[in-house]
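Engineer: One structure is given below, represented as structure tokens, and several questions about it will come after.
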Amino acid sequence: MTNALTRAAAWLGGAAFAGSLAYCAWFFLVTLRHPAPWTGVAPAARAVAVDVGLFALFAAPHSLLARPGLKSRIAALVGETRERPLYVWSASLLLALTCAAWQPIPGTLWHVAGPAAWLLAALEIAGVLLTVVAARVIDPLELAGIRQLDQPQARAPIQARGPYRLVRHPIYLGWMLIVFAAPQMTMNRLLFAAISSGYLVVAIPWEERSLVRTFGEEYAAYQRQVRWRVVPGIY
């Protein structure tokens with residue numbers, strides 16, 4: 001039986017996971033809405049470099065700790081039921097740190113109103129709905145590391161229903177709709193959108209290689225069934 005401390009840590013990690021996502025949403029919608037004043041090229045370039053470094057600080061452990069070999073070694077050290085909560089805690093804290101330490105940069109690329117703004121807002125809402133529906137299909141409790149408390153060896157099946165019949169990574173598509181369809185696109189928002197989406201695009205092949213190693217022909221058949229990774233007709 002999983003002890004009470006491990007269970008509490010897992011549930012608190014799930015809360016931290018939800019909280020970091022909520023904070024990230026607030027950060028994008030509110031904080032990044034306000035560009036920094038222009039003070040010269042050098043300060044702006046330094047802020048961009050810091051922000052890229054911050055996101056790399058989040059992205060590198062987030063990807064490396066998800067690799068099967070490293071996951072197995074960590075599980076051998078801390079136990080099967082503690083590996084996923086540890087990953088969730090580290091990813092949540094690093095995402096919150098990235099948002100909290102972000103350096104604002106100047107400039108606004110566009111700020112539309114009227115019908116164009118309503119269209120972009122509709123795309124953002126579509127992205128939110130797509131993300132929520134896709135997350136429900138694959139079980140949020142498993143994502144948060146809570147389901148594994150009672151079934152550490154259980155392996156969720158490949159999902160080929162709902163939005164997963166359209167693209168193989170609908171949560172990533174939802175994210176890109178949210179961050180790129182902002183009616184007011186400050187350079188802050190554009191940098192965050194570009195870095196985060198670029199990271200997802202680069203990480204997908206690694207993630208899918210891990211899925212093929214884990215699920216074998218089952219995932220390979222899914223790849224043949226659903227051709228597009230994120231954007232239908234493009235990627």
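Naming scheme: A, B, ... for chains in displayed order of the structure tokens; residues 1 onward per chain; ligands 1 onward as shown.
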With only C-alpha atoms as the counted atoms, please give the residues lying no more than 12 Å from Arg189 in chain A, apart from itself and same-chain residues fewer than 3 positions off, as a VMD selection string.

Structural biologist: chain A and resid 24 to 25 27 to 36 48 51 99 102 to 111 176 178 to 186 192 to 197

Engineer: Save out the residues we just selected, N, CA and C atoms, as a CSV table (one decimal), in the first residue's frame.

Structural biologist:
```csv
chain,number,residue,atom,x,y,z
A,24,CYS,N,0.1,30.2,-15.2
A,24,CYS,CA,0.6,30.4,-16.5
A,24,CYS,C,-0.5,31.1,-17.4
A,25,ALA,N,-1.7,30.7,-17.3
A,25,ALA,CA,-2.8,31.3,-18.0
A,25,ALA,C,-3.0,32.8,-17.6
A,27,PHE,N,-0.7,34.7,-16.3
A,27,PHE,CA,0.5,35.3,-16.7
A,27,PHE,C,0.4,35.7,-18.2
A,28,PHE,N,-0.1,34.8,-19.0
A,28,PHE,CA,-0.2,35.1,-20.5
A,28,PHE,C,-1.3,36.2,-20.7
A,29,LEU,N,-2.4,36.0,-20.1
A,29,LEU,CA,-3.5,36.9,-20.3
A,29,LEU,C,-3.3,38.3,-19.7
A,30,VAL,N,-2.7,38.4,-18.6
A,30,VAL,CA,-2.6,39.7,-17.8
A,30,VAL,C,-1.2,40.3,-17.9
A,31,THR,N,-0.2,39.5,-17.4
A,31,THR,CA,1.1,40.1,-17.3
A,31,THR,C,1.7,40.4,-18.7
A,32,LEU,N,1.6,39.5,-19.6
A,32,LEU,CA,2.3,39.7,-20.9
A,32,LEU,C,1.5,40.6,-21.8
A,33,ARG,N,0.4,41.1,-21.3
A,33,ARG,CA,-0.4,42.1,-22.0
A,33,ARG,C,0.3,43.4,-22.1
A,34,HIS,N,1.1,43.7,-21.1
A,34,HIS,CA,1.7,45.0,-20.9
A,34,HIS,C,3.2,45.0,-21.4
A,35,PRO,N,3.5,45.6,-22.5
A,35,PRO,CA,4.9,45.7,-22.9
A,35,PRO,C,5.8,46.6,-22.1
A,36,ALA,N,7.0,46.3,-22.0
A,36,ALA,CA,7.9,47.2,-21.3
A,36,ALA,C,8.2,48.5,-22.1
A,48,VAL,N,15.3,39.4,-23.7
A,48,VAL,CA,14.9,38.3,-24.6
A,48,VAL,C,15.8,37.1,-24.2
A,51,ASP,N,14.7,35.6,-21.0
A,51,ASP,CA,13.5,34.8,-21.1
A,51,ASP,C,13.7,33.5,-21.8
A,99,CYS,N,7.5,31.9,-15.3
A,99,CYS,CA,6.5,33.0,-15.4
A,99,CYS,C,6.9,34.1,-14.5
A,102,TRP,N,10.1,36.1,-15.6
A,102,TRP,CA,10.0,36.6,-17.0
A,102,TRP,C,10.4,38.1,-17.0
A,103,GLN,N,11.2,38.5,-17.9
A,103,GLN,CA,11.6,39.9,-18.1
A,103,GLN,C,10.8,40.5,-19.2
A,104,PRO,N,10.0,41.6,-19.0
A,104,PRO,CA,9.2,42.2,-20.0
A,104,PRO,C,10.0,42.8,-21.1
A,105,ILE,N,9.5,42.7,-22.3
A,105,ILE,CA,10.2,43.3,-23.5
A,105,ILE,C,9.2,44.3,-24.1
A,106,PRO,N,9.7,45.3,-24.8
A,106,PRO,CA,8.9,46.3,-25.4
A,106,PRO,C,8.2,45.9,-26.7
A,107,GLY,N,7.2,46.6,-27.1
A,107,GLY,CA,6.6,46.5,-28.4
A,107,GLY,C,5.3,45.7,-28.5
A,108,THR,N,4.5,46.1,-29.5
A,108,THR,CA,3.2,45.4,-29.7
A,108,THR,C,3.2,45.1,-31.2
A,109,LEU,N,2.9,43.9,-31.6
A,109,LEU,CA,2.9,43.5,-33.0
A,109,LEU,C,1.5,43.9,-33.6
A,110,TRP,N,0.4,43.5,-32.9
A,110,TRP,CA,-0.9,44.0,-33.4
A,110,TRP,C,-1.8,44.1,-32.2
A,111,HIS,N,-2.8,44.9,-32.4
A,111,HIS,CA,-3.9,45.1,-31.4
A,111,HIS,C,-5.1,45.4,-32.2
A,176,MET,N,-1.4,26.1,-29.1
A,176,MET,CA,-1.0,27.0,-30.1
A,176,MET,C,-2.1,28.0,-30.5
A,178,ILE,N,-4.4,29.0,-28.5
A,178,ILE,CA,-4.6,30.0,-27.4
A,178,ILE,C,-3.5,31.1,-27.5
A,179,VAL,N,-2.3,30.7,-27.7
A,179,VAL,CA,-1.2,31.7,-27.6
A,179,VAL,C,-1.0,32.6,-28.8
A,180,PHE,N,-1.4,32.0,-30.0
A,180,PHE,CA,-1.2,32.8,-31.2
A,180,PHE,C,-2.4,33.6,-31.7
A,181,ALA,N,-3.6,33.3,-31.0
A,181,ALA,CA,-4.8,34.0,-31.5
A,181,ALA,C,-5.2,35.2,-30.6
A,182,ALA,N,-4.2,35.7,-29.8
A,182,ALA,CA,-4.5,36.8,-28.9
A,182,ALA,C,-4.9,38.1,-29.8
A,183,PRO,N,-6.0,38.7,-29.5
A,183,PRO,CA,-6.3,40.0,-30.2
A,183,PRO,C,-5.3,41.1,-30.0
A,184,GLN,N,-4.6,41.1,-28.8
A,184,GLN,CA,-3.5,42.0,-28.6
A,184,GLN,C,-2.3,41.2,-28.5
A,185,MET,N,-1.4,41.2,-29.5
A,185,MET,CA,-0.2,40.5,-29.5
A,185,MET,C,1.0,41.4,-29.2
A,186,THR,N,1.3,41.5,-27.9
A,186,THR,CA,2.5,42.2,-27.6
A,186,THR,C,3.7,41.3,-27.9
A,192,PHE,N,6.8,34.5,-25.9
A,192,PHE,CA,6.3,33.3,-25.1
A,192,PHE,C,5.7,32.3,-26.0
A,193,ALA,N,4.8,32.7,-26.9
A,193,ALA,CA,4.1,31.8,-27.8
A,193,ALA,C,5.1,31.1,-28.7
A,194,ALA,N,6.1,31.8,-29.3
A,194,ALA,CA,7.1,31.2,-30.2
A,194,ALA,C,8.0,30.2,-29.5
A,195,ILE,N,8.5,30.6,-28.3
A,195,ILE,CA,9.4,29.7,-27.6
A,195,ILE,C,8.6,28.4,-27.2
A,196,SER,N,7.4,28.6,-26.6
A,196,SER,CA,6.7,27.4,-26.1
A,196,SER,C,6.3,26.5,-27.2
A,197,SER,N,5.8,27.1,-28.3
A,197,SER,CA,5.3,26.3,-29.4
A,197,SER,C,6.5,25.6,-30.2
```

Engineer: Using only C-alpha atoms, what table do you get, as a tab-separated table, when you list each residue of range 61-165 of chain A with an atom no more than 9 Å from range 209-219 of chain A, its nearest pair of atoms, and their distance in Å rounded to one decimal, rows by chain then rising number?

Structural biologist:
```
residue	atom	partner	partner_atom	distance
A:Ala66	CA	A:Ser210	CA	8.9
A:Arg67	CA	A:Ser210	CA	6.9
A:Pro68	CA	A:Ser210	CA	6.7
A:Pro157	CA	A:Phe215	CA	8.7
A:Ile158	CA	A:Tyr219	CA	6.8
```

Engineer: Kindly save the residues from that selection, with N, CA and C atoms included, as a PDB file, in the first residue's frame.

Structural biologist:
```
ATOM      1  N   ALA A  66      11.217  12.943 -18.777  1.00  0.00           N
ATOM      2  CA  ALA A  66      10.159  12.140 -19.383  1.00  0.00           C
ATOM      3  C   ALA A  66      10.697  11.001 -20.236  1.00  0.00           C
ATOM      4  N   ARG A  67      12.011  10.941 -20.454  1.00  0.00           N
ATOM      5  CA  ARG A  67      12.588   9.875 -21.256  1.00  0.00           C
ATOM      6  C   ARG A  67      12.520   8.550 -20.497  1.00  0.00           C
ATOM      7  N   PRO A  68      12.138   7.468 -21.172  1.00  0.00           N
ATOM      8  CA  PRO A  68      11.931   6.180 -20.491  1.00  0.00           C
ATOM      9  C   PRO A  68      13.120   5.703 -19.674  1.00  0.00           C
ATOM     10  N   PRO A 157      -4.207   3.000 -22.267  1.00  0.00           N
ATOM     11  CA  PRO A 157      -4.209   2.613 -23.675  1.00  0.00           C
ATOM     12  C   PRO A 157      -4.039   3.818 -24.594  1.00  0.00           C
ATOM     13  N   ILE A 158      -3.638   3.552 -25.824  1.00  0.00           N
ATOM     14  CA  ILE A 158      -3.573   4.604 -26.835  1.00  0.00           C
ATOM     15  C   ILE A 158      -4.988   5.092 -27.122  1.00  0.00           C
TER      16      ILE A 158
END
```

Engineer: Which neighbours of Ala96 in chain A fall inside 9 Å, counting only C-alpha atoms, when residues of the same chain fewer than 6 positions from it are skipped, and could you give them as a JSON list (two decimals) with N, CA and C atoms, in the first residue's frame?

Structural biologist:
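What landed in part.json:
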```json
[["chain", "number", "residue", "atom", "x", "y", "z"],
["A", 19, "GLY", "N", -2.39, 24.48, -10.29],
["A", 19, "GLY", "CA", -2.08, 25.86, -9.95],
["A", 19, "GLY", "C", -1.08, 26.49, -10.89],
["A", 20, "SER", "N", -0.07, 25.73, -11.31],
["A", 20, "SER", "CA", 0.93, 26.28, -12.24],
["A", 20, "SER", "C", 0.30, 26.58, -13.60],
["A", 21, "LEU", "N", -0.63, 25.72, -14.04],
["A", 21, "LEU", "CA", -1.32, 25.99, -15.31],
["A", 21, "LEU", "C", -2.20, 27.23, -15.20],
["A", 23, "TYR", "N", -1.74, 29.75, -13.11],
["A", 23, "TYR", "CA", -0.83, 30.88, -13.04],
["A", 23, "TYR", "C", -0.27, 31.23, -14.41],
["A", 24, "CYS", "N", 0.07, 30.20, -15.20],
["A", 24, "CYS", "CA", 0.58, 30.43, -16.55],
["A", 24, "CYS", "C", -0.48, 31.13, -17.41]]
```

Engineer: Excluding same-chain residues fewer than 3 positions from Glu83 in chain A, what lies within 10 Å of it counting only C-alpha atoms, as a PyMOL selection string?

Structural biologist: chain A and resi 10+65+71-80+86-88+145+148+152

Engineer: Dump C-alpha atoms for the selected residues as a PDB file, in the first residue's frame?

Structural biologist:
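File written: selection-v4.pdb
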```
ATOM      1  CA  ALA A  10       0.935  13.166  -5.038  1.00  0.00           C
ATOM      2  CA  LEU A  65      12.816  13.509 -17.021  1.00  0.00           C
ATOM      3  CA  LYS A  71      12.250   7.562 -15.718  1.00  0.00           C
ATOM      4  CA  SER A  72      13.209   3.949 -14.988  1.00  0.00           C
ATOM      5  CA  ARG A  73      16.338   4.982 -13.113  1.00  0.00           C
ATOM      6  CA  ILE A  74      14.420   7.539 -11.040  1.00  0.00           C
ATOM      7  CA  ALA A  75      11.685   4.996 -10.316  1.00  0.00           C
ATOM      8  CA  ALA A  76      14.348   2.545  -9.140  1.00  0.00           C
ATOM      9  CA  LEU A  77      15.629   5.179  -6.708  1.00  0.00           C
ATOM     10  CA  VAL A  78      12.363   6.616  -5.355  1.00  0.00           C
ATOM     11  CA  GLY A  79       9.800   3.935  -6.186  1.00  0.00           C
ATOM     12  CA  GLU A  80       7.276   3.478  -8.981  1.00  0.00           C
ATOM     13  CA  LEU A  86       8.248  13.965  -8.562  1.00  0.00           C
ATOM     14  CA  TYR A  87       8.093  14.809 -12.264  1.00  0.00           C
ATOM     15  CA  VAL A  88       4.855  16.748 -11.794  1.00  0.00           C
ATOM     16  CA  GLY A 145       0.556  11.326 -11.200  1.00  0.00           C
ATOM     17  CA  GLN A 148      -0.464   5.706 -10.539  1.00  0.00           C
ATOM     18  CA  PRO A 152       1.906   1.918 -10.590  1.00  0.00           C
TER      19      PRO A 152
END
```

Engineer: Which of these, A:Ala44, A:Ala8, A:Leu173, A:Val202, has the shortest distance to Ala60 in chain A once you count only C-alpha atoms?

Structural biologist: A:Val202

Engineer: Excluding Gly174 in chain A and any residue of its chain fewer than 3 positions from it, enumerate the residues within 7 Å of it, using only C-alpha atoms, and give them as a list in words.

Structural biologist: Gly127, Val128, Leu130, Thr131, Pro170, Ile171, Leu177 and Ile178 of chain A

Engineer: Leaving out range 224-234 of chain A and any residue of its chain fewer than 4 positions from it, which residues lie within 6 Å of it when counting only C-alpha atoms, given as a list in words?

Structural biologist: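 Residues meeting the cut-off are Val167, Arg168, His169 and Leu173 of chain A.
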
Engineer: Could you please write out, as a PDB file with N, CA and C atoms, in the first residue's frame, every residue of range 17-142 of chain A that DSSP assigns to strand (DSSP E or B)?

Structural biologist:
```
ATOM      1  N   ALA A  36       7.036  46.317 -22.008  1.00  0.00           N
ATOM      2  CA  ALA A  36       7.944  47.196 -21.284  1.00  0.00           C
ATOM      3  C   ALA A  36       8.179  48.470 -22.096  1.00  0.00           C
ATOM      4  N   PRO A 106       9.748  45.303 -24.850  1.00  0.00           N
ATOM      5  CA  PRO A 106       8.884  46.342 -25.411  1.00  0.00           C
ATOM      6  C   PRO A 106       8.249  45.916 -26.736  1.00  0.00           C
ATOM      7  N   THR A 108       4.483  46.071 -29.450  1.00  0.00           N
ATOM      8  CA  THR A 108       3.232  45.369 -29.732  1.00  0.00           C
ATOM      9  C   THR A 108       3.152  45.111 -31.224  1.00  0.00           C
ATOM     10  N   LEU A 109       2.931  43.861 -31.604  1.00  0.00           N
ATOM     11  CA  LEU A 109       2.876  43.486 -33.008  1.00  0.00           C
ATOM     12  C   LEU A 109       1.535  43.855 -33.623  1.00  0.00           C
ATOM     13  N   TRP A 110       0.447  43.531 -32.913  1.00  0.00           N
ATOM     14  CA  TRP A 110      -0.876  43.959 -33.372  1.00  0.00           C
ATOM     15  C   TRP A 110      -1.814  44.102 -32.187  1.00  0.00           C
ATOM     16  N   HIS A 111      -2.820  44.922 -32.388  1.00  0.00           N
ATOM     17  CA  HIS A 111      -3.887  45.103 -31.405  1.00  0.00           C
ATOM     18  C   HIS A 111      -5.146  45.408 -32.205  1.00  0.00           C
TER      19      HIS A 111
END
```
